[in-house]
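The structure file final_12.pdb is reproduced below (PDB, C-alpha atoms).
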ATOM      1  CA  MET L   1       0.000   0.000   0.000  1.00  0.00           C
ATOM      2  CA  VAL L   2       1.244   3.440  -0.855  1.00  0.00           C
ATOM      3  CA  THR L   3       0.897   6.310   1.610  1.00  0.00           C
ATOM      4  CA  GLN L   4       0.739   9.771   0.256  1.00  0.00           C
ATOM      5  CA  LYS L   5       2.211  12.641   2.205  1.00  0.00           C
ATOM      6  CA  PHE L   6       0.781  16.033   1.479  1.00  0.00           C
ATOM      7  CA  GLY L   7       3.196  18.116   3.505  1.00  0.00           C
ATOM      8  CA  THR L   8       1.534  17.469   6.790  1.00  0.00           C
ATOM      9  CA  ARG L   9       4.867  17.241   8.472  1.00  0.00           C
ATOM     10  CA  GLY L  10       5.635  20.847   7.658  1.00  0.00           C
ATOM     11  CA  CYS L  11       2.107  21.841   8.577  1.00  0.00           C
ATOM     12  CA  SER L  12       2.344  19.941  11.850  1.00  0.00           C
ATOM     13  CA  SER L  13       5.561  21.717  12.772  1.00  0.00           C
ATOM     14  CA  ALA L  14       4.049  25.103  11.993  1.00  0.00           C
ATOM     15  CA  LEU L  15       0.885  24.193  13.870  1.00  0.00           C
ATOM     16  CA  LEU L  16       2.887  22.943  16.838  1.00  0.00           C
ATOM     17  CA  ALA L  17       5.023  26.075  16.860  1.00  0.00           C
ATOM     18  CA  GLY L  18       1.874  28.209  16.759  1.00  0.00           C
ATOM     19  CA  LEU L  19       0.291  26.259  19.603  1.00  0.00           C
ATOM     20  CA  VAL L  20       3.452  26.534  21.710  1.00  0.00           C
ATOM     21  CA  THR L  21       3.629  30.278  21.056  1.00  0.00           C
ATOM     22  CA  ALA L  22      -0.045  30.674  21.979  1.00  0.00           C
ATOM     23  CA  ALA L  23       0.384  28.582  25.123  1.00  0.00           C
ATOM     24  CA  VAL L  24       3.410  30.612  26.188  1.00  0.00           C
ATOM     25  CA  GLY L  25       1.437  33.795  25.576  1.00  0.00           C
ATOM     26  CA  VAL L  26      -1.440  32.513  27.701  1.00  0.00           C
ATOM     27  CA  LEU L  27       0.950  31.501  30.492  1.00  0.00           C
ATOM     28  CA  ILE L  28       2.633  34.914  30.444  1.00  0.00           C
ATOM     29  CA  ALA L  29      -0.759  36.648  30.559  1.00  0.00           C
ATOM     30  CA  GLN L  30      -1.868  34.433  33.449  1.00  0.00           C
ATOM     31  CA  GLN L  31       1.354  35.106  35.319  1.00  0.00           C
ATOM     32  CA  ARG L  32       0.920  38.875  34.883  1.00  0.00           C
ATOM     33  CA  ARG L  33      -2.686  38.672  36.069  1.00  0.00           C
ATOM     34  CA  LEU L  34      -1.628  36.621  39.106  1.00  0.00           C
ATOM     35  CA  GLN L  35       1.025  39.215  39.938  1.00  0.00           C
ATOM     36  CA  GLN L  36      -1.579  41.989  39.627  1.00  0.00           C
ATOM     37  CA  LEU L  37      -3.925  40.087  41.931  1.00  0.00           C
ATOM     38  CA  ARG L  38      -1.157  39.606  44.480  1.00  0.00           C
ATOM     39  CA  ARG L  39      -0.279  43.323  44.362  1.00  0.00           C
ATOM     40  CA  SER L  40      -3.961  44.172  44.711  1.00  0.00           C
ATOM     41  CA  GLN L  41      -4.310  41.863  47.712  1.00  0.00           C
ATOM     42  CA  LEU L  42      -1.219  43.330  49.324  1.00  0.00           C
ATOM     43  CA  SER L  43      -2.431  46.871  48.751  1.00  0.00           C
ATOM     44  CA  GLU L  44      -5.845  45.963  50.209  1.00  0.00           C
ATOM     45  CA  GLN L  45      -4.154  44.379  53.223  1.00  0.00           C
ATOM     46  CA  GLN L  46      -1.965  47.475  53.574  1.00  0.00           C
ATOM     47  CA  ARG L  47      -5.039  49.699  53.351  1.00  0.00           C
ATOM     48  CA  HIS L  48      -6.696  47.700  56.142  1.00  0.00           C
ATOM     49  CA  THR L  49      -3.520  47.899  58.216  1.00  0.00           C
ATOM     50  CA  ASN L  50      -3.378  51.650  57.650  1.00  0.00           C
ATOM     51  CA  LEU L  51      -7.037  52.056  58.627  1.00  0.00           C
ATOM     52  CA  ALA L  52      -6.517  50.040  61.806  1.00  0.00           C
ATOM     53  CA  HIS L  53      -3.411  52.061  62.669  1.00  0.00           C
ATOM     54  CA  GLN L  54      -5.272  55.316  62.049  1.00  0.00           C
ATOM     55  CA  GLN L  55      -8.124  54.121  64.260  1.00  0.00           C
ATOM     56  CA  ARG L  56      -5.660  53.321  67.040  1.00  0.00           C
ATOM     57  CA  LEU L  57      -4.158  56.801  66.796  1.00  0.00           C
ATOM     58  CA  GLN L  58      -7.646  58.333  66.794  1.00  0.00           C
ATOM     59  CA  TRP L  59      -8.524  56.380  69.932  1.00  0.00           C
ATOM     60  CA  GLU L  60      -5.354  57.560  71.659  1.00  0.00           C
ATOM     61  CA  LEU L  61      -6.187  61.182  70.838  1.00  0.00           C
ATOM     62  CA  LEU L  62      -9.802  60.805  71.963  1.00  0.00           C
ATOM     63  CA  SER L  63      -8.688  59.097  75.170  1.00  0.00           C
ATOM     64  CA  LYS L  64      -6.420  62.005  76.012  1.00  0.00           C
ATOM     65  CA  ALA L  65      -9.232  64.453  75.262  1.00  0.00           C
ATOM     66  CA  MET L  66     -11.690  62.527  77.435  1.00  0.00           C
ATOM     67  CA  GLU L  67      -9.210  62.598  80.319  1.00  0.00           C
ATOM     68  CA  ASP L  68      -8.243  66.264  80.038  1.00  0.00           C
ATOM     69  CA  PRO L  69     -10.853  69.014  79.509  1.00  0.00           C
ATOM     70  CA  ALA L  70      -8.164  71.383  78.224  1.00  0.00           C
ATOM     71  CA  LEU L  71      -7.389  68.945  75.401  1.00  0.00           C
ATOM     72  CA  ALA L  72     -11.071  68.183  74.831  1.00  0.00           C
ATOM     73  CA  ALA L  73     -11.584  71.890  74.121  1.00  0.00           C
ATOM     74  CA  VAL L  74      -9.491  71.440  70.963  1.00  0.00           C
ATOM     75  CA  LEU L  75     -12.083  68.977  69.650  1.00  0.00           C
ATOM     76  CA  ASP L  76     -15.103  71.048  70.683  1.00  0.00           C
ATOM     77  CA  THR L  77     -17.163  71.783  67.586  1.00  0.00           C
ATOM     78  CA  HIS L  78     -20.175  72.862  69.652  1.00  0.00           C
ATOM     79  CA  ASP L  79     -18.931  76.361  70.583  1.00  0.00           C
ATOM     80  CA  GLY L  80     -18.617  75.447  74.247  1.00  0.00           C
ATOM     81  CA  ALA L  81     -22.354  74.708  74.497  1.00  0.00           C
ATOM     82  CA  LEU L  82     -21.715  71.275  76.015  1.00  0.00           C
ATOM     83  CA  SER L  83     -20.733  70.574  79.574  1.00  0.00           C
ATOM     84  CA  PRO L  84     -17.349  68.860  79.920  1.00  0.00           C
ATOM     85  CA  ASP L  85     -19.104  65.601  80.856  1.00  0.00           C
ATOM     86  CA  LYS L  86     -21.439  65.762  77.840  1.00  0.00           C
ATOM     87  CA  HIS L  87     -18.502  66.590  75.571  1.00  0.00           C
ATOM     88  CA  ARG L  88     -16.595  63.533  76.839  1.00  0.00           C
ATOM     89  CA  GLN L  89     -19.703  61.421  76.215  1.00  0.00           C
ATOM     90  CA  TYR L  90     -19.905  62.721  72.635  1.00  0.00           C
ATOM     91  CA  LEU L  91     -16.224  61.984  72.085  1.00  0.00           C
ATOM     92  CA  PHE L  92     -16.781  58.464  73.346  1.00  0.00           C
ATOM     93  CA  ALA L  93     -19.901  58.061  71.165  1.00  0.00           C
ATOM     94  CA  ASN L  94     -17.773  59.119  68.206  1.00  0.00           C
ATOM     95  CA  ALA L  95     -15.176  56.511  69.142  1.00  0.00           C
ATOM     96  CA  VAL L  96     -17.864  53.811  69.395  1.00  0.00           C
ATOM     97  CA  TYR L  97     -19.243  54.750  65.978  1.00  0.00           C
ATOM     98  CA  THR L  98     -15.871  54.999  64.231  1.00  0.00           C
ATOM     99  CA  ASN L  99     -14.858  51.649  65.716  1.00  0.00           C
ATOM    100  CA  ALA L 100     -17.979  50.015  64.242  1.00  0.00           C
ATOM    101  CA  LEU L 101     -17.360  51.785  60.939  1.00  0.00           C
ATOM    102  CA  LEU L 102     -13.766  50.534  60.848  1.00  0.00           C
ATOM    103  CA  ALA L 103     -14.871  46.960  61.571  1.00  0.00           C
ATOM    104  CA  TYR L 104     -17.132  47.192  58.529  1.00  0.00           C
ATOM    105  CA  ARG L 105     -14.582  48.893  56.284  1.00  0.00           C
ATOM    106  CA  ILE L 106     -11.897  46.269  56.873  1.00  0.00           C
ATOM    107  CA  GLY L 107     -14.317  43.377  56.518  1.00  0.00           C
ATOM    108  CA  ASN L 108     -14.544  42.198  60.126  1.00  0.00           C
ATOM    109  CA  VAL L 109     -18.324  42.568  59.980  1.00  0.00           C
ATOM    110  CA  SER L 110     -20.775  42.512  57.101  1.00  0.00           C
ATOM    111  CA  ARG L 111     -23.086  45.417  56.322  1.00  0.00           C
ATOM    112  CA  ALA L 112     -25.966  43.464  57.880  1.00  0.00           C
ATOM    113  CA  GLU L 113     -23.916  42.852  61.050  1.00  0.00           C
ATOM    114  CA  LEU L 114     -23.006  46.546  61.203  1.00  0.00           C
ATOM    115  CA  PHE L 115     -26.685  47.407  60.833  1.00  0.00           C
ATOM    116  CA  GLY L 116     -27.591  45.085  63.717  1.00  0.00           C
ATOM    117  CA  HIS L 117     -24.858  46.503  65.925  1.00  0.00           C
ATOM    118  CA  LEU L 118     -25.846  50.093  65.189  1.00  0.00           C
ATOM    119  CA  ARG L 119     -29.521  49.266  65.719  1.00  0.00           C
ATOM    120  CA  GLY L 120     -28.563  48.420  69.304  1.00  0.00           C
ATOM    121  CA  THR L 121     -26.227  51.405  69.647  1.00  0.00           C
ATOM    122  CA  VAL L 122     -28.926  53.930  68.737  1.00  0.00           C
ATOM    123  CA  GLN L 123     -31.066  52.707  71.626  1.00  0.00           C
ATOM    124  CA  ASN L 124     -28.838  54.820  73.843  1.00  0.00           C
ATOM    125  CA  PRO L 125     -30.161  58.389  74.212  1.00  0.00           C
ATOM    126  CA  ILE L 126     -26.676  59.882  74.569  1.00  0.00           C
ATOM    127  CA  PHE L 127     -25.581  58.278  71.312  1.00  0.00           C
ATOM    128  CA  ARG L 128     -28.751  59.625  69.665  1.00  0.00           C
ATOM    129  CA  GLU L 129     -27.939  63.132  70.938  1.00  0.00           C
ATOM    130  CA  TYR L 130     -24.398  62.827  69.619  1.00  0.00           C
ATOM    131  CA  TRP L 131     -25.668  61.584  66.263  1.00  0.00           C
ATOM    132  CA  GLU L 132     -28.020  64.532  65.889  1.00  0.00           C
ATOM    133  CA  ALA L 133     -25.360  67.006  67.044  1.00  0.00           C
ATOM    134  CA  SER L 134     -22.897  65.652  64.450  1.00  0.00           C
ATOM    135  CA  ARG L 135     -25.343  65.961  61.527  1.00  0.00           C
ATOM    136  CA  ALA L 136     -23.653  69.089  60.133  1.00  0.00           C
ATOM    137  CA  ALA L 137     -20.239  67.409  60.162  1.00  0.00           C
ATOM    138  CA  ARG L 138     -21.627  64.401  58.272  1.00  0.00           C
ATOM    139  CA  ALA L 139     -23.120  66.704  55.653  1.00  0.00           C
ATOM    140  CA  SER L 140     -19.600  67.540  54.488  1.00  0.00           C
ATOM    141  CA  LEU L 141     -18.702  63.917  53.716  1.00  0.00           C
ATOM    142  CA  GLU L 142     -18.184  62.877  50.115  1.00  0.00           C
ATOM    143  CA  VAL L 143     -21.565  61.528  49.003  1.00  0.00           C
ATOM    144  CA  HIS L 144     -20.244  58.176  47.776  1.00  0.00           C
ATOM    145  CA  SER L 145     -17.827  57.555  50.649  1.00  0.00           C
ATOM    146  CA  VAL L 146     -18.348  54.513  52.836  1.00  0.00           C
ATOM    147  CA  GLU L 147     -18.824  56.745  55.872  1.00  0.00           C
ATOM    148  CA  ALA L 148     -21.518  58.808  54.131  1.00  0.00           C
ATOM    149  CA  GLN L 149     -23.332  55.647  53.015  1.00  0.00           C
ATOM    150  CA  VAL L 150     -23.245  54.186  56.518  1.00  0.00           C
ATOM    151  CA  GLY L 151     -24.388  57.521  57.937  1.00  0.00           C
ATOM    152  CA  ARG L 152     -27.394  57.553  55.615  1.00  0.00           C
ATOM    153  CA  MET L 153     -28.141  53.946  56.553  1.00  0.00           C
ATOM    154  CA  LEU L 154     -28.071  54.909  60.229  1.00  0.00           C
ATOM    155  CA  ASP L 155     -30.235  58.001  59.639  1.00  0.00           C
ATOM    156  CA  GLY L 156     -32.803  55.788  57.893  1.00  0.00           C
ATOM    157  CA  LEU L 157     -32.705  53.261  60.697  1.00  0.00           C
ATOM    158  CA  ILE L 158     -33.287  55.965  63.301  1.00  0.00           C
ATOM    159  CA  ARG L 159     -36.292  57.246  61.317  1.00  0.00           C
ATOM    160  CA  GLU L 160     -37.700  53.717  61.115  1.00  0.00           C
ATOM    161  CA  LEU L 161     -37.184  53.185  64.845  1.00  0.00           C
ATOM    162  CA  ASP L 162     -38.871  56.489  65.646  1.00  0.00           C
ATOM    163  CA  GLU L 163     -41.842  55.622  63.424  1.00  0.00           C
ATOM    164  CA  ALA L 164     -42.153  51.989  64.556  1.00  0.00           C
ATOM    165  CA  ASP L 165     -45.186  51.047  66.585  1.00  0.00           C
ATOM    166  CA  THR L 166     -43.385  48.292  68.452  1.00  0.00           C
ATOM    167  CA  GLU L 167     -41.217  48.152  71.544  1.00  0.00           C
ATOM    168  CA  GLU L 168     -39.214  45.335  69.925  1.00  0.00           C
ATOM    169  CA  TRP L 169     -36.488  47.564  68.476  1.00  0.00           C
ATOM    170  CA  TRP L 170     -34.375  44.557  67.440  1.00  0.00           C
ATOM    171  CA  VAL L 171     -36.836  43.709  64.652  1.00  0.00           C
ATOM    172  CA  VAL L 172     -37.152  47.223  63.232  1.00  0.00           C
ATOM    173  CA  GLY L 173     -35.519  47.940  59.892  1.00  0.00           C
ATOM    174  CA  GLU L 174     -34.428  45.682  57.118  1.00  0.00           C
ATOM    175  CA  PRO L 175     -30.716  44.823  57.261  1.00  0.00           C
ATOM    176  CA  PRO L 176     -29.033  45.824  54.003  1.00  0.00           C
ATOM    177  CA  GLU L 177     -27.627  43.192  51.703  1.00  0.00           C
TER     178      GLU L 177
END

Spell out the structure here as structure tokens.
Amino acid sequence: MVTQKFGTRGCSSALLAGLVTAAVGVLIAQQRRLQQLRRSQLSEQQRHTNLAHQQRLQWELLSKAMEDPALAAVLDTHDGALSPDKHRQYLFANAVYTNALLAYRIGNVSRAELFGHLRGTVQNPIFREYWEASRAARASLEVHSVEAQVGRMLDGLIRELDEADTEEWWVVGEPPE
């Protein structure tokens, strides 16, 4: 029997070379993408580390202000209208809120968990007073910032709680997705 060859050997070599080149290209692209993902993960981890460090520094400053009325006066945005005790309470309320916000921002709690935590926090009348007193400061936040979004969520929750006809505050409001 006679076998005819129609140049498949040359075609196979060209095809093989093309496949190898394509495979190498795919591997290089995958390697670059993996490196980008790793850099992205590291930058996200660094961002979380930076946020946590900033929160720690903020707490240290607030602690000093709560201990010393002369230092607290530096943080007084209420034109001296608050008693020193009330001002310390507001500083502490701010620390409680920013701690919850940080836990959400770095992924320690989900948005629904933050909502549940804040739903309990706003049961405290001093926190409610602080929240109302800080309304003007929140108005200056960038509209799309995480803090502004959480602030609007909390404002909505407070409205729902105020309008609810139940004493069971823990069931008021729909946790966000």

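Considering the residues L:Gly116, L:Arg135, L:Pro125, L:Ala23 and counting only C-alpha atoms, Val171 of chain L has its shortest atom-to-atom contact with L:Gly116.
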
Point (-29.5, 58.2, 68.7), cut-off 12 Å, counting only C-alpha atoms, residues as a compact mmCIF listing (two decimals) with C-alpha atoms, in the frame of the given file:
# COMPACT_ATOMS: atom_id res chain seq x y z
CA TYR L 90 -19.90 62.72 72.64
CA ALA L 93 -19.90 58.06 71.17
CA ASN L 94 -17.77 59.12 68.21
CA TYR L 97 -19.24 54.75 65.98
CA LEU L 118 -25.85 50.09 65.19
CA ARG L 119 -29.52 49.27 65.72
CA GLY L 120 -28.56 48.42 69.30
CA THR L 121 -26.23 51.40 69.65
CA VAL L 122 -28.93 53.93 68.74
CA GLN L 123 -31.07 52.71 71.63
CA ASN L 124 -28.84 54.82 73.84
CA PRO L 125 -30.16 58.39 74.21
CA ILE L 126 -26.68 59.88 74.57
CA PHE L 127 -25.58 58.28 71.31
CA ARG L 128 -28.75 59.62 69.67
CA GLU L 129 -27.94 63.13 70.94
CA TYR L 130 -24.40 62.83 69.62
CA TRP L 131 -25.67 61.58 66.26
CA GLU L 132 -28.02 64.53 65.89
CA ALA L 133 -25.36 67.01 67.04
CA SER L 134 -22.90 65.65 64.45
CA ARG L 135 -25.34 65.96 61.53
CA GLY L 151 -24.39 57.52 57.94
CA LEU L 154 -28.07 54.91 60.23
CA ASP L 155 -30.24 58.00 59.64
CA GLY L 156 -32.80 55.79 57.89
CA LEU L 157 -32.70 53.26 60.70
CA ILE L 158 -33.29 55.96 63.30
CA ARG L 159 -36.29 57.25 61.32
CA LEU L 161 -37.18 53.18 64.84
CA ASP L 162 -38.87 56.49 65.65

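For the residues L:His78, L:Arg88, L:Arg105, L:Arg47, ranking by smallest atom-to-atom distance to Lys64 of chain L using all atoms listed in the file places L:Arg88 first.
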
Residues within 10 Å of (-14.9, 54.8, 53.6), counting all atoms listed in the file, listed as a VMD selection string: chain L and resid 51 101 to 102 104 to 106 141 to 142 144 to 150

d(atom CA of Pro84 of chain L, atom CA of Leu71 of chain L) in Å: 10.9 Å

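Taking atom CA of Gly80 of chain L and atom CA of Thr98 of chain L as the two end points, the separation is 22.9 Å.
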
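Of note, atom CA of Phe115 of chain L and atom CA of Thr77 of chain L are spaced 27.0 Å apart.
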
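Distance annotation: of L:His48, L:His87, L:His53, L:His117, the residue with the minimal separation from Glu67 of chain L is L:His87; atom set is all atoms listed in the file.
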
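For the residues L:Asn50, L:Gln89, L:Ser43, L:Ser83, ranking by smallest atom-to-atom distance to Ser63 of chain L using only C-alpha atoms places L:Gln89 first.
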
Could you model N, CA and C atoms for segment 56-91 of chain L and present them as a PDB file, in the coordinates of the input?
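That gives us out.pdb:
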ATOM      1  N   ARG L  56      -6.365  53.397  65.753  1.00  0.00           N
ATOM      2  CA  ARG L  56      -5.660  53.321  67.040  1.00  0.00           C
ATOM      3  C   ARG L  56      -5.173  54.708  67.457  1.00  0.00           C
ATOM      4  N   LEU L  57      -4.615  55.447  66.498  1.00  0.00           N
ATOM      5  CA  LEU L  57      -4.158  56.801  66.796  1.00  0.00           C
ATOM      6  C   LEU L  57      -5.332  57.704  67.190  1.00  0.00           C
ATOM      7  N   GLN L  58      -6.452  57.561  66.476  1.00  0.00           N
ATOM      8  CA  GLN L  58      -7.646  58.333  66.794  1.00  0.00           C
ATOM      9  C   GLN L  58      -8.113  58.036  68.212  1.00  0.00           C
ATOM     10  N   TRP L  59      -8.099  56.760  68.588  1.00  0.00           N
ATOM     11  CA  TRP L  59      -8.524  56.380  69.932  1.00  0.00           C
ATOM     12  C   TRP L  59      -7.594  56.986  70.978  1.00  0.00           C
ATOM     13  N   GLU L  60      -6.299  56.979  70.711  1.00  0.00           N
ATOM     14  CA  GLU L  60      -5.354  57.560  71.659  1.00  0.00           C
ATOM     15  C   GLU L  60      -5.619  59.049  71.848  1.00  0.00           C
ATOM     16  N   LEU L  61      -5.884  59.756  70.744  1.00  0.00           N
ATOM     17  CA  LEU L  61      -6.187  61.182  70.838  1.00  0.00           C
ATOM     18  C   LEU L  61      -7.495  61.424  71.598  1.00  0.00           C
ATOM     19  N   LEU L  62      -8.523  60.651  71.266  1.00  0.00           N
ATOM     20  CA  LEU L  62      -9.802  60.805  71.963  1.00  0.00           C
ATOM     21  C   LEU L  62      -9.678  60.471  73.449  1.00  0.00           C
ATOM     22  N   SER L  63      -8.889  59.465  73.764  1.00  0.00           N
ATOM     23  CA  SER L  63      -8.688  59.097  75.170  1.00  0.00           C
ATOM     24  C   SER L  63      -8.057  60.243  75.946  1.00  0.00           C
ATOM     25  N   LYS L  64      -7.070  60.863  75.347  1.00  0.00           N
ATOM     26  CA  LYS L  64      -6.420  62.005  76.012  1.00  0.00           C
ATOM     27  C   LYS L  64      -7.419  63.137  76.196  1.00  0.00           C
ATOM     28  N   ALA L  65      -8.235  63.375  75.180  1.00  0.00           N
ATOM     29  CA  ALA L  65      -9.232  64.453  75.262  1.00  0.00           C
ATOM     30  C   ALA L  65     -10.289  64.148  76.315  1.00  0.00           C
ATOM     31  N   MET L  66     -10.675  62.880  76.436  1.00  0.00           N
ATOM     32  CA  MET L  66     -11.690  62.527  77.435  1.00  0.00           C
ATOM     33  C   MET L  66     -11.143  62.650  78.851  1.00  0.00           C
ATOM     34  N   GLU L  67      -9.831  62.508  79.003  1.00  0.00           N
ATOM     35  CA  GLU L  67      -9.210  62.598  80.319  1.00  0.00           C
ATOM     36  C   GLU L  67      -8.894  64.037  80.723  1.00  0.00           C
ATOM     37  N   ASP L  68      -8.704  64.912  79.747  1.00  0.00           N
ATOM     38  CA  ASP L  68      -8.243  66.264  80.038  1.00  0.00           C
ATOM     39  C   ASP L  68      -9.141  67.294  79.344  1.00  0.00           C
ATOM     40  N   PRO L  69      -9.944  68.028  80.108  1.00  0.00           N
ATOM     41  CA  PRO L  69     -10.853  69.014  79.509  1.00  0.00           C
ATOM     42  C   PRO L  69     -10.135  70.066  78.659  1.00  0.00           C
ATOM     43  N   ALA L  70      -8.905  70.404  79.018  1.00  0.00           N
ATOM     44  CA  ALA L  70      -8.164  71.383  78.224  1.00  0.00           C
ATOM     45  C   ALA L  70      -7.887  70.840  76.822  1.00  0.00           C
ATOM     46  N   LEU L  71      -7.601  69.558  76.719  1.00  0.00           N
ATOM     47  CA  LEU L  71      -7.389  68.945  75.401  1.00  0.00           C
ATOM     48  C   LEU L  71      -8.716  68.724  74.689  1.00  0.00           C
ATOM     49  N   ALA L  72      -9.746  68.387  75.426  1.00  0.00           N
ATOM     50  CA  ALA L  72     -11.071  68.183  74.831  1.00  0.00           C
ATOM     51  C   ALA L  72     -11.552  69.455  74.161  1.00  0.00           C
ATOM     52  N   ALA L  73     -11.162  70.609  74.705  1.00  0.00           N
ATOM     53  CA  ALA L  73     -11.584  71.890  74.121  1.00  0.00           C
ATOM     54  C   ALA L  73     -11.105  72.031  72.676  1.00  0.00           C
ATOM     55  N   VAL L  74     -10.004  71.389  72.336  1.00  0.00           N
ATOM     56  CA  VAL L  74      -9.491  71.440  70.963  1.00  0.00           C
ATOM     57  C   VAL L  74     -10.458  70.748  70.004  1.00  0.00           C
ATOM     58  N   LEU L  75     -11.157  69.740  70.485  1.00  0.00           N
ATOM     59  CA  LEU L  75     -12.083  68.977  69.650  1.00  0.00           C
ATOM     60  C   LEU L  75     -13.531  69.456  69.773  1.00  0.00           C
ATOM     61  N   ASP L  76     -13.748  70.553  70.477  1.00  0.00           N
ATOM     62  CA  ASP L  76     -15.103  71.048  70.683  1.00  0.00           C
ATOM     63  C   ASP L  76     -15.601  71.765  69.434  1.00  0.00           C
ATOM     64  N   THR L  77     -16.558  71.163  68.763  1.00  0.00           N
ATOM     65  CA  THR L  77     -17.163  71.783  67.586  1.00  0.00           C
ATOM     66  C   THR L  77     -18.556  72.327  67.917  1.00  0.00           C
ATOM     67  N   HIS L  78     -18.848  72.433  69.203  1.00  0.00           N
ATOM     68  CA  HIS L  78     -20.175  72.862  69.652  1.00  0.00           C
ATOM     69  C   HIS L  78     -20.128  74.240  70.316  1.00  0.00           C
ATOM     70  N   ASP L  79     -19.082  74.991  70.067  1.00  0.00           N
ATOM     71  CA  ASP L  79     -18.931  76.361  70.583  1.00  0.00           C
ATOM     72  C   ASP L  79     -19.076  76.446  72.099  1.00  0.00           C
ATOM     73  N   GLY L  80     -18.574  75.436  72.792  1.00  0.00           N
ATOM     74  CA  GLY L  80     -18.617  75.447  74.247  1.00  0.00           C
ATOM     75  C   GLY L  80     -20.001  75.255  74.840  1.00  0.00           C
ATOM     76  N   ALA L  81     -20.975  74.868  74.023  1.00  0.00           N
ATOM     77  CA  ALA L  81     -22.354  74.708  74.497  1.00  0.00           C
ATOM     78  C   ALA L  81     -22.552  73.444  75.323  1.00  0.00           C
ATOM     79  N   LEU L  82     -21.585  72.539  75.274  1.00  0.00           N
ATOM     80  CA  LEU L  82     -21.715  71.275  76.015  1.00  0.00           C
ATOM     81  C   LEU L  82     -20.946  71.343  77.316  1.00  0.00           C
ATOM     82  N   SER L  83     -21.480  70.707  78.324  1.00  0.00           N
ATOM     83  CA  SER L  83     -20.733  70.574  79.574  1.00  0.00           C
ATOM     84  C   SER L  83     -19.538  69.660  79.297  1.00  0.00           C
ATOM     85  N   PRO L  84     -18.501  69.751  80.125  1.00  0.00           N
ATOM     86  CA  PRO L  84     -17.349  68.860  79.920  1.00  0.00           C
ATOM     87  C   PRO L  84     -17.743  67.376  79.927  1.00  0.00           C
ATOM     88  N   ASP L  85     -18.666  67.003  80.811  1.00  0.00           N
ATOM     89  CA  ASP L  85     -19.104  65.601  80.856  1.00  0.00           C
ATOM     90  C   ASP L  85     -19.816  65.204  79.562  1.00  0.00           C
ATOM     91  N   LYS L  86     -20.706  66.059  79.074  1.00  0.00           N
ATOM     92  CA  LYS L  86     -21.439  65.762  77.840  1.00  0.00           C
ATOM     93  C   LYS L  86     -20.462  65.700  76.660  1.00  0.00           C
ATOM     94  N   HIS L  87     -19.486  66.597  76.657  1.00  0.00           N
ATOM     95  CA  HIS L  87     -18.502  66.590  75.571  1.00  0.00           C
ATOM     96  C   HIS L  87     -17.710  65.287  75.575  1.00  0.00           C
ATOM     97  N   ARG L  88     -17.305  64.815  76.754  1.00  0.00           N
ATOM     98  CA  ARG L  88     -16.595  63.533  76.839  1.00  0.00           C
ATOM     99  C   ARG L  88     -17.484  62.395  76.349  1.00  0.00           C
ATOM    100  N   GLN L  89     -18.771  62.455  76.687  1.00  0.00           N
ATOM    101  CA  GLN L  89     -19.703  61.421  76.215  1.00  0.00           C
ATOM    102  C   GLN L  89     -19.790  61.443  74.687  1.00  0.00           C
ATOM    103  N   TYR L  90     -19.838  62.616  74.097  1.00  0.00           N
ATOM    104  CA  TYR L  90     -19.905  62.721  72.635  1.00  0.00           C
ATOM    105  C   TYR L  90     -18.618  62.199  71.996  1.00  0.00           C
ATOM    106  N   LEU L  91     -17.487  62.509  72.604  1.00  0.00           N
ATOM    107  CA  LEU L  91     -16.224  61.984  72.085  1.00  0.00           C
ATOM    108  C   LEU L  91     -16.217  60.460  72.136  1.00  0.00           C
TER     109      LEU L  91
END
